file input.txt (compact mmCIF, C-alpha atoms and all ligand atoms)
# COMPACT_ATOMS: atom_id res chain seq x y z
CA MET D 1 59.77 115.09 97.40
CA LYS D 2 56.97 116.67 95.48
CA LEU D 3 57.52 116.78 91.75
CA GLY D 4 56.65 120.09 90.16
CA PRO D 5 57.86 121.72 86.96
CA GLU D 6 60.77 123.43 88.74
CA LEU D 7 62.06 120.27 90.36
CA ARG D 8 61.61 118.39 87.09
CA LEU D 9 63.75 120.97 85.32
CA ALA D 10 66.36 120.99 88.09
CA ILE D 11 66.67 117.19 87.88
CA LEU D 12 67.05 117.22 84.09
CA GLU D 13 69.73 119.89 84.45
CA LYS D 14 71.64 117.81 86.96
CA VAL D 15 71.36 114.74 84.74
CA GLY D 16 72.78 116.84 81.89
CA ILE D 17 75.68 118.11 83.95
CA TYR D 18 76.66 114.72 85.38
CA SER D 19 76.21 112.98 82.01
CA ALA D 20 78.70 115.40 80.47
CA ARG D 21 81.16 114.82 83.32
CA PHE D 22 80.80 111.05 83.02
CA SER D 23 81.11 111.14 79.21
CA ILE D 24 77.82 109.34 78.62
CA SER D 25 74.94 110.27 76.38
CA GLU D 26 72.17 111.85 78.37
CA PRO D 27 69.65 109.14 79.24
CA ARG D 28 65.92 109.43 79.01
CA VAL D 29 64.67 110.24 82.51
CA LEU D 30 61.44 108.93 84.01
CA LEU D 31 60.33 110.74 87.14
CA THR D 32 57.09 109.07 88.20
CA THR D 33 55.93 105.47 88.50
CA ARG D 34 53.23 106.47 86.01
CA GLU D 35 55.93 107.23 83.44
CA VAL D 36 57.53 103.83 84.14
CA LEU D 37 54.20 102.07 83.61
CA ASP D 38 53.57 104.06 80.43
CA ALA D 39 56.99 103.24 78.98
CA PRO D 40 57.20 100.37 76.49
CA ARG D 41 57.10 97.06 78.34
CA ASP D 42 60.24 95.70 76.73
CA MET D 43 62.10 98.72 78.06
CA THR D 44 61.14 98.33 81.68
CA ALA D 45 60.87 94.54 81.68
CA GLY D 46 61.73 93.03 85.05
CA ARG D 47 61.59 96.37 86.82
CA ARG D 48 58.24 97.77 85.96
CA THR D 49 55.78 97.23 88.75
CA SER D 50 58.60 96.91 91.32
CA ALA D 51 60.18 100.25 90.40
CA TYR D 52 58.22 102.11 93.08
CA LYS D 53 60.21 100.33 95.80
CA TYR D 54 63.49 101.95 94.83
CA TYR D 55 64.90 105.47 94.88
CA GLY D 56 66.10 104.88 91.36
CA VAL D 57 66.37 102.29 88.61
CA SER D 58 68.53 102.17 85.50
CA TYR D 59 67.35 100.50 82.33
CA LEU D 60 70.75 100.15 80.72
CA GLN D 61 69.72 98.61 77.43
CA HIS D 62 67.40 101.51 76.76
CA ASN D 63 69.54 104.34 78.04
CA THR D 64 66.83 105.25 80.51
CA ILE D 65 66.80 105.96 84.21
CA PHE D 66 63.96 106.25 86.68
CA ILE D 67 64.34 108.70 89.56
CA ASN D 68 61.59 107.96 92.06
CA VAL D 69 61.15 111.56 93.19
CA ARG D 70 58.09 110.85 95.28
CA LYS D 71 59.93 108.33 97.43
CA ILE D 72 63.05 110.45 97.82
CA PRO D 73 62.96 112.38 101.11
CA ASN D 74 65.46 115.16 100.47
CA GLU D 75 67.86 116.96 98.16
CA ARG D 76 70.90 115.02 99.31
CA ILE D 77 69.38 111.64 98.52
CA LEU D 78 68.05 113.00 95.24
CA GLU D 79 71.54 114.01 94.13
CA ASN D 80 72.95 110.72 95.35
CA THR D 81 70.33 108.76 93.41
CA ILE D 82 70.95 110.68 90.18
CA VAL D 83 74.69 110.06 90.42
CA HIS D 84 74.16 106.41 91.42
CA GLU D 85 72.06 105.70 88.33
CA LEU D 86 74.42 107.59 86.01
CA ILE D 87 77.40 105.64 87.40
CA HIS D 88 75.50 102.52 86.32
CA MET D 89 75.24 103.99 82.82
CA ARG D 90 78.96 104.75 82.66
CA PHE D 91 80.31 101.64 84.44
CA ARG D 92 77.95 99.15 82.91
CA TYR D 93 79.48 95.97 84.17
CA MET D 94 80.18 97.04 87.70
CA SER D 95 77.90 95.67 90.37
CA HIS D 96 77.12 97.32 93.68
CA GLY D 97 79.86 97.28 96.27
CA ARG D 98 82.72 99.29 97.64
CA ARG D 99 84.21 100.17 94.26
CA PHE D 100 80.82 101.27 93.02
CA ASN D 101 80.18 103.40 96.11
CA ARG D 102 83.56 104.99 95.75
CA LEU D 103 82.75 106.01 92.18
CA VAL D 104 79.44 107.50 93.35
CA ARG D 105 81.27 109.54 95.98
CA ARG D 106 83.82 110.73 93.44
CA GLY D 107 81.02 111.60 91.04
CA LEU D 108 79.25 113.62 93.72
CA ALA D 109 82.53 115.41 94.43
CA GLY D 110 82.72 116.57 90.81
CA ALA D 111 84.94 113.90 89.21
CA ARG D 112 85.05 113.48 85.45
CA PHE D 113 85.27 110.09 83.79
CA ALA D 114 86.64 109.42 80.31
CA PRO D 115 84.30 107.77 77.82
CA TYR D 116 83.70 104.06 78.15
CA ARG D 117 85.80 102.10 75.68
CA ARG D 118 85.31 98.49 74.78
CA ARG D 119 88.54 96.59 75.13
CA ALA D 120 89.97 96.15 71.65
CA SER D 121 89.62 92.54 70.63
CA ARG D 122 92.94 90.96 69.85
CA ARG D 123 93.53 90.53 66.18
CA GLY D 124 93.24 86.98 64.96
CA LYS D 125 91.11 85.97 67.91
CA GLN D 126 87.36 85.87 68.06
ZN ZN M 201 72.17 100.55 91.65
call {"tool": "encode", "arguments": {"input": "input.txt", "output": "structure tokens", "more": "lines below"}}
Ligand SMILES: [Zn+2]
result
Amino acid sequence: MKLGPELRLAILEKVGIYSARFSISEPRVLLTTREVLDAPRDMTAGRRTSAYKYYGVSYLQHNTIFINVRKIPNERILENTIVHELIHMRFRYMSHGRRFNRLVRRGLAGARFAPYRRRASRRGKQ
């Protein structure tokens, strides 16, 4: 898709809406490979020059996602990619697979997810 100011705004709006539903803080959003290359190296380490290959990338430690608009062919895949990356931000330890895909589908269907909570460490144990 071709990234213009309108599409940029529409994407940021969607990220805002889904972030609220998923109870996550709104990530920083990179929309071009140029923005990935311009980001601090420690932020994009490991997925810097390879980012162009993917529809999207999440940089969890830096609360940042990359949506590769130029590579994305249509609206449906755009929405899917946004939700996919935001599910990574909310379900940080979940790897790709059936459970992950199910969460993406639920997210696309309008599901809300409660905030992520670290499991309370048991008292007296490290
Ligand atoms: Zn993924």
call {"tool": "residues_around", "arguments": {"input": "input.txt", "residues": "Asn68 of chain D", "least_positions_apart": "6", "cutoff": "7 Å", "atoms": "all atoms listed in the file", "output": "JSON, numbers by chain"}}
result
{"D": [31, 32, 52, 54, 55, 56]}
call {"tool": "closest_residue", "arguments": {"input": "input.txt", "among": "D:Phe113, D:Thr64, D:Ile24, D:Ile11", "to": "Asn80 of chain D", "atoms": "all atoms listed in the file"}}
result
D:Ile11
call {"tool": "residues_near_ligand", "arguments": {"input": "input.txt", "ligand": "ligand ZN 201 (chain M)", "cutoff": "12 Å", "atoms": "all atoms listed in the file", "output": "mmCIF file with C-alpha atoms, in the coordinates of the input"}}
result
data_model
loop_
_atom_site.group_PDB
_atom_site.id
_atom_site.type_symbol
_atom_site.label_atom_id
_atom_site.label_comp_id
_atom_site.auth_asym_id
_atom_site.auth_seq_id
_atom_site.Cartn_x
_atom_site.Cartn_y
_atom_site.Cartn_z
ATOM 1 C CA TYR D 54 63.490 101.950 94.830
ATOM 2 C CA TYR D 55 64.900 105.470 94.880
ATOM 3 C CA GLY D 56 66.100 104.880 91.360
ATOM 4 C CA VAL D 57 66.370 102.290 88.610
ATOM 5 C CA SER D 58 68.530 102.170 85.500
ATOM 6 C CA TYR D 59 67.350 100.500 82.330
ATOM 7 C CA LEU D 60 70.750 100.150 80.720
ATOM 8 C CA ILE D 65 66.800 105.960 84.210
ATOM 9 C CA PHE D 66 63.960 106.250 86.680
ATOM 10 C CA ILE D 67 64.340 108.700 89.560
ATOM 11 C CA ASN D 80 72.950 110.720 95.350
ATOM 12 C CA THR D 81 70.330 108.760 93.410
ATOM 13 C CA ILE D 82 70.950 110.680 90.180
ATOM 14 C CA VAL D 83 74.690 110.060 90.420
ATOM 15 C CA HIS D 84 74.160 106.410 91.420
ATOM 16 C CA GLU D 85 72.060 105.700 88.330
ATOM 17 C CA LEU D 86 74.420 107.590 86.010
ATOM 18 C CA ILE D 87 77.400 105.640 87.400
ATOM 19 C CA HIS D 88 75.500 102.520 86.320
ATOM 20 C CA MET D 89 75.240 103.990 82.820
ATOM 21 C CA PHE D 91 80.310 101.640 84.440
ATOM 22 C CA ARG D 92 77.950 99.150 82.910
ATOM 23 C CA TYR D 93 79.480 95.970 84.170
ATOM 24 C CA MET D 94 80.180 97.040 87.700
ATOM 25 C CA SER D 95 77.900 95.670 90.370
ATOM 26 C CA HIS D 96 77.120 97.320 93.680
ATOM 27 C CA GLY D 97 79.860 97.280 96.270
ATOM 28 C CA PHE D 100 80.820 101.270 93.020
ATOM 29 C CA ASN D 101 80.180 103.400 96.110
ATOM 30 C CA LEU D 103 82.750 106.010 92.180
ATOM 31 C CA VAL D 104 79.440 107.500 93.350
#
call {"tool": "closest_residue", "arguments": {"input": "input.txt", "among": "D:Pro40, D:Gly46, D:Pro27, D:Gly110", "to": "Leu12 of chain D", "atoms": "all atoms listed in the file"}}
result
D:Pro27
call {"tool": "closest_residue", "arguments": {"input": "input.txt", "among": "D:Arg98, D:Asp42, D:Gly4, D:Leu108", "to": "Gln61 of chain D", "atoms": "all atoms listed in the file"}}
result
D:Asp42
call {"tool": "closest_residue", "arguments": {"input": "input.txt", "among": "D:Arg34, D:Arg118, D:Lys2, D:Lys71", "to": "Lys53 of chain D", "atoms": "all atoms listed in the file"}}
result
D:Lys71
call {"tool": "build_atoms", "arguments": {"input": "input.txt", "residues": "segment 21-56 of chain D", "atoms": "N, CA and C atoms", "output": "PDB file, in the frame of the given file"}}
result
ATOM      1  N   ARG D  21      79.968 115.153  82.534  1.00  0.00           N
ATOM      2  CA  ARG D  21      81.160 114.820  83.320  1.00  0.00           C
ATOM      3  C   ARG D  21      81.539 113.353  83.192  1.00  0.00           C
ATOM      4  N   PHE D  22      80.533 112.500  83.068  1.00  0.00           N
ATOM      5  CA  PHE D  22      80.800 111.050  83.020  1.00  0.00           C
ATOM      6  C   PHE D  22      80.977 110.561  81.579  1.00  0.00           C
ATOM      7  N   SER D  23      80.935 111.482  80.636  1.00  0.00           N
ATOM      8  CA  SER D  23      81.110 111.140  79.210  1.00  0.00           C
ATOM      9  C   SER D  23      80.117 110.090  78.734  1.00  0.00           C
ATOM     10  N   ILE D  24      78.869 110.250  79.103  1.00  0.00           N
ATOM     11  CA  ILE D  24      77.820 109.340  78.620  1.00  0.00           C
ATOM     12  C   ILE D  24      76.763 110.179  77.903  1.00  0.00           C
ATOM     13  N   SER D  25      76.024 109.535  77.018  1.00  0.00           N
ATOM     14  CA  SER D  25      74.940 110.270  76.380  1.00  0.00           C
ATOM     15  C   SER D  25      73.831 110.430  77.412  1.00  0.00           C
ATOM     16  N   GLU D  26      73.185 111.554  77.371  1.00  0.00           N
ATOM     17  CA  GLU D  26      72.170 111.850  78.370  1.00  0.00           C
ATOM     18  C   GLU D  26      71.022 110.835  78.257  1.00  0.00           C
ATOM     19  N   PRO D  27      70.726 110.135  79.343  1.00  0.00           N
ATOM     20  CA  PRO D  27      69.650 109.140  79.240  1.00  0.00           C
ATOM     21  C   PRO D  27      68.274 109.791  79.251  1.00  0.00           C
ATOM     22  N   ARG D  28      67.301 109.031  78.813  1.00  0.00           N
ATOM     23  CA  ARG D  28      65.920 109.430  79.010  1.00  0.00           C
ATOM     24  C   ARG D  28      65.637 109.300  80.500  1.00  0.00           C
ATOM     25  N   VAL D  29      64.891 110.234  81.064  1.00  0.00           N
ATOM     26  CA  VAL D  29      64.670 110.240  82.510  1.00  0.00           C
ATOM     27  C   VAL D  29      63.180 110.129  82.809  1.00  0.00           C
ATOM     28  N   LEU D  30      62.826 109.094  83.549  1.00  0.00           N
ATOM     29  CA  LEU D  30      61.440 108.930  84.010  1.00  0.00           C
ATOM     30  C   LEU D  30      61.386 109.377  85.459  1.00  0.00           C
ATOM     31  N   LEU D  31      60.353 110.138  85.807  1.00  0.00           N
ATOM     32  CA  LEU D  31      60.330 110.740  87.140  1.00  0.00           C
ATOM     33  C   LEU D  31      59.131 110.330  87.991  1.00  0.00           C
ATOM     34  N   THR D  32      58.235 109.556  87.413  1.00  0.00           N
ATOM     35  CA  THR D  32      57.090 109.070  88.200  1.00  0.00           C
ATOM     36  C   THR D  32      56.857 107.594  87.852  1.00  0.00           C
ATOM     37  N   THR D  33      56.233 106.880  88.781  1.00  0.00           N
ATOM     38  CA  THR D  33      55.930 105.470  88.500  1.00  0.00           C
ATOM     39  C   THR D  33      54.943 105.391  87.320  1.00  0.00           C
ATOM     40  N   ARG D  34      54.144 106.430  87.161  1.00  0.00           N
ATOM     41  CA  ARG D  34      53.230 106.470  86.010  1.00  0.00           C
ATOM     42  C   ARG D  34      54.020 106.420  84.699  1.00  0.00           C
ATOM     43  N   GLU D  35      55.100 107.206  84.650  1.00  0.00           N
ATOM     44  CA  GLU D  35      55.930 107.230  83.440  1.00  0.00           C
ATOM     45  C   GLU D  35      56.594 105.877  83.197  1.00  0.00           C
ATOM     46  N   VAL D  36      56.950 105.180  84.288  1.00  0.00           N
ATOM     47  CA  VAL D  36      57.530 103.830  84.140  1.00  0.00           C
ATOM     48  C   VAL D  36      56.476 102.890  83.556  1.00  0.00           C
ATOM     49  N   LEU D  37      55.264 102.968  84.084  1.00  0.00           N
ATOM     50  CA  LEU D  37      54.200 102.070  83.610  1.00  0.00           C
ATOM     51  C   LEU D  37      53.806 102.388  82.171  1.00  0.00           C
ATOM     52  N   ASP D  38      53.930 103.656  81.792  1.00  0.00           N
ATOM     53  CA  ASP D  38      53.570 104.060  80.430  1.00  0.00           C
ATOM     54  C   ASP D  38      54.660 103.763  79.407  1.00  0.00           C
ATOM     55  N   ALA D  39      55.885 103.524  79.901  1.00  0.00           N
ATOM     56  CA  ALA D  39      56.990 103.240  78.980  1.00  0.00           C
ATOM     57  C   ALA D  39      56.763 101.885  78.325  1.00  0.00           C
ATOM     58  N   PRO D  40      57.362 101.674  77.148  1.00  0.00           N
ATOM     59  CA  PRO D  40      57.200 100.370  76.490  1.00  0.00           C
ATOM     60  C   PRO D  40      57.618  99.233  77.413  1.00  0.00           C
ATOM     61  N   ARG D  41      56.854  98.160  77.410  1.00  0.00           N
ATOM     62  CA  ARG D  41      57.100  97.060  78.340  1.00  0.00           C
ATOM     63  C   ARG D  41      58.470  96.432  78.174  1.00  0.00           C
ATOM     64  N   ASP D  42      58.932  96.336  76.946  1.00  0.00           N
ATOM     65  CA  ASP D  42      60.240  95.700  76.730  1.00  0.00           C
ATOM     66  C   ASP D  42      61.355  96.539  77.363  1.00  0.00           C
ATOM     67  N   MET D  43      61.105  97.821  77.483  1.00  0.00           N
ATOM     68  CA  MET D  43      62.100  98.720  78.060  1.00  0.00           C
ATOM     69  C   MET D  43      62.235  98.512  79.569  1.00  0.00           C
ATOM     70  N   THR D  44      61.125  98.374  80.215  1.00  0.00           N
ATOM     71  CA  THR D  44      61.140  98.330  81.680  1.00  0.00           C
ATOM     72  C   THR D  44      60.974  96.910  82.203  1.00  0.00           C
ATOM     73  N   ALA D  45      61.074  95.942  81.309  1.00  0.00           N
ATOM     74  CA  ALA D  45      60.870  94.540  81.680  1.00  0.00           C
ATOM     75  C   ALA D  45      61.671  94.175  82.919  1.00  0.00           C
ATOM     76  N   GLY D  46      61.045  93.471  83.845  1.00  0.00           N
ATOM     77  CA  GLY D  46      61.730  93.030  85.050  1.00  0.00           C
ATOM     78  C   GLY D  46      61.683  94.052  86.167  1.00  0.00           C
ATOM     79  N   ARG D  47      61.646  95.311  85.803  1.00  0.00           N
ATOM     80  CA  ARG D  47      61.590  96.370  86.820  1.00  0.00           C
ATOM     81  C   ARG D  47      60.547  97.392  86.416  1.00  0.00           C
ATOM     82  N   ARG D  48      59.342  96.932  86.377  1.00  0.00           N
ATOM     83  CA  ARG D  48      58.240  97.770  85.960  1.00  0.00           C
ATOM     84  C   ARG D  48      57.355  98.076  87.165  1.00  0.00           C
ATOM     85  N   THR D  49      56.686  97.033  87.612  1.00  0.00           N
ATOM     86  CA  THR D  49      55.780  97.230  88.750  1.00  0.00           C
ATOM     87  C   THR D  49      56.539  97.280  90.067  1.00  0.00           C
ATOM     88  N   SER D  50      57.826  96.857  90.078  1.00  0.00           N
ATOM     89  CA  SER D  50      58.600  96.910  91.320  1.00  0.00           C
ATOM     90  C   SER D  50      59.372  98.216  91.463  1.00  0.00           C
ATOM     91  N   ALA D  51      59.347  99.038  90.420  1.00  0.00           N
ATOM     92  CA  ALA D  51      60.180 100.250  90.400  1.00  0.00           C
ATOM     93  C   ALA D  51      59.873 101.174  91.582  1.00  0.00           C
ATOM     94  N   TYR D  52      58.631 101.191  92.008  1.00  0.00           N
ATOM     95  CA  TYR D  52      58.220 102.110  93.080  1.00  0.00           C
ATOM     96  C   TYR D  52      58.965 101.877  94.396  1.00  0.00           C
ATOM     97  N   LYS D  53      59.529 100.673  94.540  1.00  0.00           N
ATOM     98  CA  LYS D  53      60.210 100.330  95.800  1.00  0.00           C
ATOM     99  C   LYS D  53      61.552 101.017  95.944  1.00  0.00           C
ATOM    100  N   TYR D  54      62.114 101.454  94.828  1.00  0.00           N
ATOM    101  CA  TYR D  54      63.490 101.950  94.830  1.00  0.00           C
ATOM    102  C   TYR D  54      63.549 103.467  94.680  1.00  0.00           C
ATOM    103  N   TYR D  55      64.669 104.041  95.126  1.00  0.00           N
ATOM    104  CA  TYR D  55      64.900 105.470  94.880  1.00  0.00           C
ATOM    105  C   TYR D  55      65.164 105.706  93.391  1.00  0.00           C
ATOM    106  N   GLY D  56      65.793 104.722  92.773  1.00  0.00           N
ATOM    107  CA  GLY D  56      66.100 104.880  91.360  1.00  0.00           C
ATOM    108  C   GLY D  56      66.311 103.543  90.697  1.00  0.00           C
TER     109      GLY D  56
END
